[in-house]
Amino acid sequence: MKATIERATLLKGLSHVQSVVERRNTIPILSNVLIEATAEGALKLMATDLDLQINESVPAAVDQPGATTVSAHTLFDIARKLPEGAQVSLSAAEGRMTIVAGRARFSLGTLPRDDFPVIAEGELPTQFEMPAEALKQIIDKTRFAISTEETRYYLNGIFLHVADEGAQPVLKAAATDGHRLARVTMPRPDGAEGMPDVIVPRKCVAELRKLLDEVDGSVGVSLSATKIRFDLGQAILTSKLIDGTFPDYSRVIPTGNDKILKIDPKSFMEGVDRVSTIATEKTRAVKVGLDRDKVTLSVTSPENGTAAEEVPGEYVSAPFEIGFNSRYLLDILGQIDGDMVEVHLADAAAPTLIRENDKAPALYVLMPMRV
């Protein structure tokens, strides 16, 4: 193969595909990117870790169609260090790839394209389109709650499912790590009816979110019970789904929490952030004391001392105290866009419901801590 491509174009394409490639691989070819120069004047790039695969097509001047595989991280680093505006010539023959740009010349070892693994998608019967903005919202408002505990692998992703709620069918996305839960509800896209319940893995979510920043308009989503594919125009992301059963999270969403605090999320967040400066790394506990129209935030740390701050808020129920992990509370408050948040409480041991209002698409549940 032989092709010439603008550095910026090559760099952008490689930046997307190289992040799928794991740094440490027992199978050498998985460290490589598959590069195919087509007669139509495009360079097709593909990378995989056997669970997630990305295909991207970028324009190039192709002198000789062909394909090879070369180290993804090495090629990306070379492209990054080449001068801006450089024309990069790529040619491959006899197990080597030559990269020339200006006076710089590199020769890298290659592996045959026939050895490169491809994820077999099979049938993807459910197909629908979603605005990129809606997909971003789903990811941003839930992904912080994805569990990182490998033993509970079925929590290592975002759970997507459809439901009939009242007059309008909806699509719900949820993530939980057992301490907190985030859920977003939106109108069900056309074509999503009958879709299987799926868990999209954390790595796929992270790569998808990066790619969404460059998409205006809609994203095509196709899925089966085991695979999902996102069509983002120039890039296509295909992932295996997590093979497990997501817990029935609706059971932990409290419905009878009758003590309601209405508060400005920004001042609440800043107060929690300030007092938690002295919290110990291990517990990160902050005590929230609720009294009429005020909230007292306090932290007591055996090694650092104490901190307290009062924040105004609307609260008319009986006074009581509840403890939270300050990090988890800050993560949730950071997702609230408006200037008012509702905190629905029951008692010091019961899960707490946090949302902007009853019309907001996102809802959060936080488990309290003993403090």
# chains A, B, ... in the order shown; residues from 1 in each chain; ligands from 1

$ select_by_dssp --residues "range 84-223 of chain A" --states "alpha helix (DSSP H)" --output "list in words"
Ala132, Glu133, Ala134, Leu135, Lys136, Gln137, Ile138, Ile139, Asp140, Lys141, Thr142, Arg202, Lys203, Cys204, Val205, Ala206, Glu207, Leu208, Arg209, Lys210, Leu211 and Leu212 of chain A

$ write_last_selection --atoms "N, CA and C atoms" --output "PDB file, in the first residue's frame"
ATOM      1  N   ALA A 132     -26.966  13.109  19.296  1.00  0.00           N
ATOM      2  CA  ALA A 132     -25.692  12.992  20.023  1.00  0.00           C
ATOM      3  C   ALA A 132     -25.799  13.649  21.398  1.00  0.00           C
ATOM      4  N   GLU A 133     -26.534  14.772  21.478  1.00  0.00           N
ATOM      5  CA  GLU A 133     -26.689  15.489  22.750  1.00  0.00           C
ATOM      6  C   GLU A 133     -27.378  14.613  23.807  1.00  0.00           C
ATOM      7  N   ALA A 134     -28.392  13.842  23.370  1.00  0.00           N
ATOM      8  CA  ALA A 134     -29.122  12.982  24.312  1.00  0.00           C
ATOM      9  C   ALA A 134     -28.206  11.875  24.839  1.00  0.00           C
ATOM     10  N   LEU A 135     -27.386  11.346  23.938  1.00  0.00           N
ATOM     11  CA  LEU A 135     -26.458  10.283  24.331  1.00  0.00           C
ATOM     12  C   LEU A 135     -25.402  10.827  25.303  1.00  0.00           C
ATOM     13  N   LYS A 136     -24.948  12.055  25.034  1.00  0.00           N
ATOM     14  CA  LYS A 136     -23.987  12.706  25.938  1.00  0.00           C
ATOM     15  C   LYS A 136     -24.595  12.869  27.327  1.00  0.00           C
ATOM     16  N   GLN A 137     -25.851  13.290  27.350  1.00  0.00           N
ATOM     17  CA  GLN A 137     -26.529  13.532  28.619  1.00  0.00           C
ATOM     18  C   GLN A 137     -26.639  12.227  29.420  1.00  0.00           C
ATOM     19  N   ILE A 138     -27.020  11.148  28.718  1.00  0.00           N
ATOM     20  CA  ILE A 138     -27.120   9.839  29.375  1.00  0.00           C
ATOM     21  C   ILE A 138     -25.784   9.472  30.027  1.00  0.00           C
ATOM     22  N   ILE A 139     -24.707   9.625  29.250  1.00  0.00           N
ATOM     23  CA  ILE A 139     -23.385   9.219  29.754  1.00  0.00           C
ATOM     24  C   ILE A 139     -22.935  10.128  30.897  1.00  0.00           C
ATOM     25  N   ASP A 140     -23.019  11.453  30.682  1.00  0.00           N
ATOM     26  CA  ASP A 140     -22.500  12.384  31.687  1.00  0.00           C
ATOM     27  C   ASP A 140     -23.222  12.284  33.020  1.00  0.00           C
ATOM     28  N   LYS A 141     -24.536  12.007  32.960  1.00  0.00           N
ATOM     29  CA  LYS A 141     -25.304  12.012  34.207  1.00  0.00           C
ATOM     30  C   LYS A 141     -25.317  10.653  34.904  1.00  0.00           C
ATOM     31  N   THR A 142     -24.744   9.632  34.275  1.00  0.00           N
ATOM     32  CA  THR A 142     -24.748   8.319  34.950  1.00  0.00           C
ATOM     33  C   THR A 142     -23.367   7.712  35.144  1.00  0.00           C
ATOM     34  N   ARG A 202     -17.981  -0.147  30.691  1.00  0.00           N
ATOM     35  CA  ARG A 202     -17.380   1.146  31.046  1.00  0.00           C
ATOM     36  C   ARG A 202     -16.417   1.665  29.968  1.00  0.00           C
ATOM     37  N   LYS A 203     -15.596   0.790  29.424  1.00  0.00           N
ATOM     38  CA  LYS A 203     -14.611   1.261  28.433  1.00  0.00           C
ATOM     39  C   LYS A 203     -15.307   1.753  27.167  1.00  0.00           C
ATOM     40  N   CYS A 204     -16.349   1.044  26.753  1.00  0.00           N
ATOM     41  CA  CYS A 204     -17.111   1.468  25.576  1.00  0.00           C
ATOM     42  C   CYS A 204     -17.741   2.838  25.831  1.00  0.00           C
ATOM     43  N   VAL A 205     -18.272   3.026  27.032  1.00  0.00           N
ATOM     44  CA  VAL A 205     -18.896   4.299  27.406  1.00  0.00           C
ATOM     45  C   VAL A 205     -17.875   5.441  27.299  1.00  0.00           C
ATOM     46  N   ALA A 206     -16.654   5.191  27.818  1.00  0.00           N
ATOM     47  CA  ALA A 206     -15.610   6.224  27.814  1.00  0.00           C
ATOM     48  C   ALA A 206     -15.198   6.595  26.389  1.00  0.00           C
ATOM     49  N   GLU A 207     -15.013   5.587  25.535  1.00  0.00           N
ATOM     50  CA  GLU A 207     -14.604   5.864  24.148  1.00  0.00           C
ATOM     51  C   GLU A 207     -15.728   6.568  23.390  1.00  0.00           C
ATOM     52  N   LEU A 208     -16.957   6.113  23.621  1.00  0.00           N
ATOM     53  CA  LEU A 208     -18.109   6.715  22.947  1.00  0.00           C
ATOM     54  C   LEU A 208     -18.221   8.190  23.317  1.00  0.00           C
ATOM     55  N   ARG A 209     -18.032   8.490  24.607  1.00  0.00           N
ATOM     56  CA  ARG A 209     -18.177   9.878  25.065  1.00  0.00           C
ATOM     57  C   ARG A 209     -17.152  10.782  24.383  1.00  0.00           C
ATOM     58  N   LYS A 210     -15.911  10.279  24.197  1.00  0.00           N
ATOM     59  CA  LYS A 210     -14.877  11.081  23.522  1.00  0.00           C
ATOM     60  C   LYS A 210     -15.288  11.380  22.084  1.00  0.00           C
ATOM     61  N   LEU A 211     -15.805  10.358  21.410  1.00  0.00           N
ATOM     62  CA  LEU A 211     -16.175  10.514  19.997  1.00  0.00           C
ATOM     63  C   LEU A 211     -17.386  11.440  19.825  1.00  0.00           C
ATOM     64  N   LEU A 212     -18.282  11.442  20.805  1.00  0.00           N
ATOM     65  CA  LEU A 212     -19.509  12.249  20.694  1.00  0.00           C
ATOM     66  C   LEU A 212     -19.229  13.745  20.622  1.00  0.00           C
TER      67      LEU A 212
END

$ residues_around --residues "range 361-368 of chain A" --least-positions-apart "5" --cutoff "10 Å" --atoms "only C-alpha atoms" --output "VMD selection string"
chain A and resid 137 to 138 141 to 142 145 172 to 176 178 to 187 252 to 254 285 287 322 to 325 328 to 329 332 to 333 335 to 336 343 to 344 347 to 356

$ residues_around --residues "Asn32 in chain A" --least-positions-apart "2" --cutoff "9 Å" --atoms "only C-alpha atoms" --output "list in words"
Gln18, Val21, Pro28, Ile29, Leu30, Leu34, Met46, Ala47, Thr48, Thr69, Val70, Ser71, Ala72, His73, Thr110, Leu111 and Phe116 of chain A

$ select_by_dssp --residues "range 134-355 of chain A" --states "strand (DSSP E)" --output "ChimeraX atom specification"
/A:157-165,168-176,180-187,198-201,218-223,227-232,235-240,259-263,285-291,294-301,305-312,320-325,341-345,352-355

$ residues_around --residues "Gln127 in chain A" --least-positions-apart "3" --cutoff "9 Å" --atoms "only C-alpha atoms" --output "PDB file with N, CA and C atoms, in the first residue's frame"
ATOM      1  N   LEU A 124     -28.017  -7.583  14.330  1.00  0.00           N
ATOM      2  CA  LEU A 124     -28.307  -6.531  15.314  1.00  0.00           C
ATOM      3  C   LEU A 124     -29.737  -6.059  15.058  1.00  0.00           C
ATOM      4  N   ASP A 190     -37.763   5.992  18.246  1.00  0.00           N
ATOM      5  CA  ASP A 190     -38.472   5.098  17.318  1.00  0.00           C
ATOM      6  C   ASP A 190     -37.554   3.962  16.927  1.00  0.00           C
ATOM      7  N   GLY A 191     -38.054   2.739  17.046  1.00  0.00           N
ATOM      8  CA  GLY A 191     -37.243   1.572  16.675  1.00  0.00           C
ATOM      9  C   GLY A 191     -36.685   0.853  17.887  1.00  0.00           C
ATOM     10  N   ALA A 192     -36.794   1.487  19.074  1.00  0.00           N
ATOM     11  CA  ALA A 192     -36.228   0.862  20.274  1.00  0.00           C
ATOM     12  C   ALA A 192     -37.223  -0.052  20.986  1.00  0.00           C
ATOM     13  N   MET A 195     -36.604  -3.719  22.583  1.00  0.00           N
ATOM     14  CA  MET A 195     -35.147  -3.868  22.694  1.00  0.00           C
ATOM     15  C   MET A 195     -34.794  -4.681  23.949  1.00  0.00           C
ATOM     16  N   GLY A 220     -26.424   6.570  15.061  1.00  0.00           N
ATOM     17  CA  GLY A 220     -27.174   5.334  14.827  1.00  0.00           C
ATOM     18  C   GLY A 220     -26.777   4.299  15.864  1.00  0.00           C
ATOM     19  N   VAL A 221     -27.775   3.697  16.505  1.00  0.00           N
ATOM     20  CA  VAL A 221     -27.501   2.663  17.512  1.00  0.00           C
ATOM     21  C   VAL A 221     -28.118   1.355  17.037  1.00  0.00           C
ATOM     22  N   SER A 222     -27.319   0.306  16.960  1.00  0.00           N
ATOM     23  CA  SER A 222     -27.834  -1.022  16.572  1.00  0.00           C
ATOM     24  C   SER A 222     -27.382  -2.005  17.637  1.00  0.00           C
ATOM     25  N   LEU A 223     -28.298  -2.886  18.054  1.00  0.00           N
ATOM     26  CA  LEU A 223     -27.873  -3.811  19.102  1.00  0.00           C
ATOM     27  C   LEU A 223     -28.625  -5.128  19.074  1.00  0.00           C
TER      28      LEU A 223
END

$ closest_residue --among "A:Lys240, A:Arg292, A:Arg23, A:Lys2" --to "Gly66 in chain A" --atoms "only C-alpha atoms"
A:Lys2

$ residues_around --residues "Tyr154 in chain A" --least-positions-apart "4" --cutoff "7 Å" --atoms "only C-alpha atoms" --output "PyMOL selection string"
chain A and resi 242+244-246

$ residues_around --residues "range 37-42 of chain A" --least-positions-apart "5" --cutoff "8 Å" --atoms "only C-alpha atoms" --output "ChimeraX atom specification"
/A:1-3,57-62,64-67

$ atom_distance --atom1 "CA of Ile199 in chain A" --atom2 "CA of Pro117 in chain A"
23.3 Å

$ closest_residue --among "A:Arg80, A:Asp49, A:Gly95, A:Ala8" --to "Asn25 in chain A" --atoms "only C-alpha atoms"
A:Asp49

$ atom_distance --atom1 "CA of Glu309 in chain A" --atom2 "CA of Arg274 in chain A"
8.3 Å
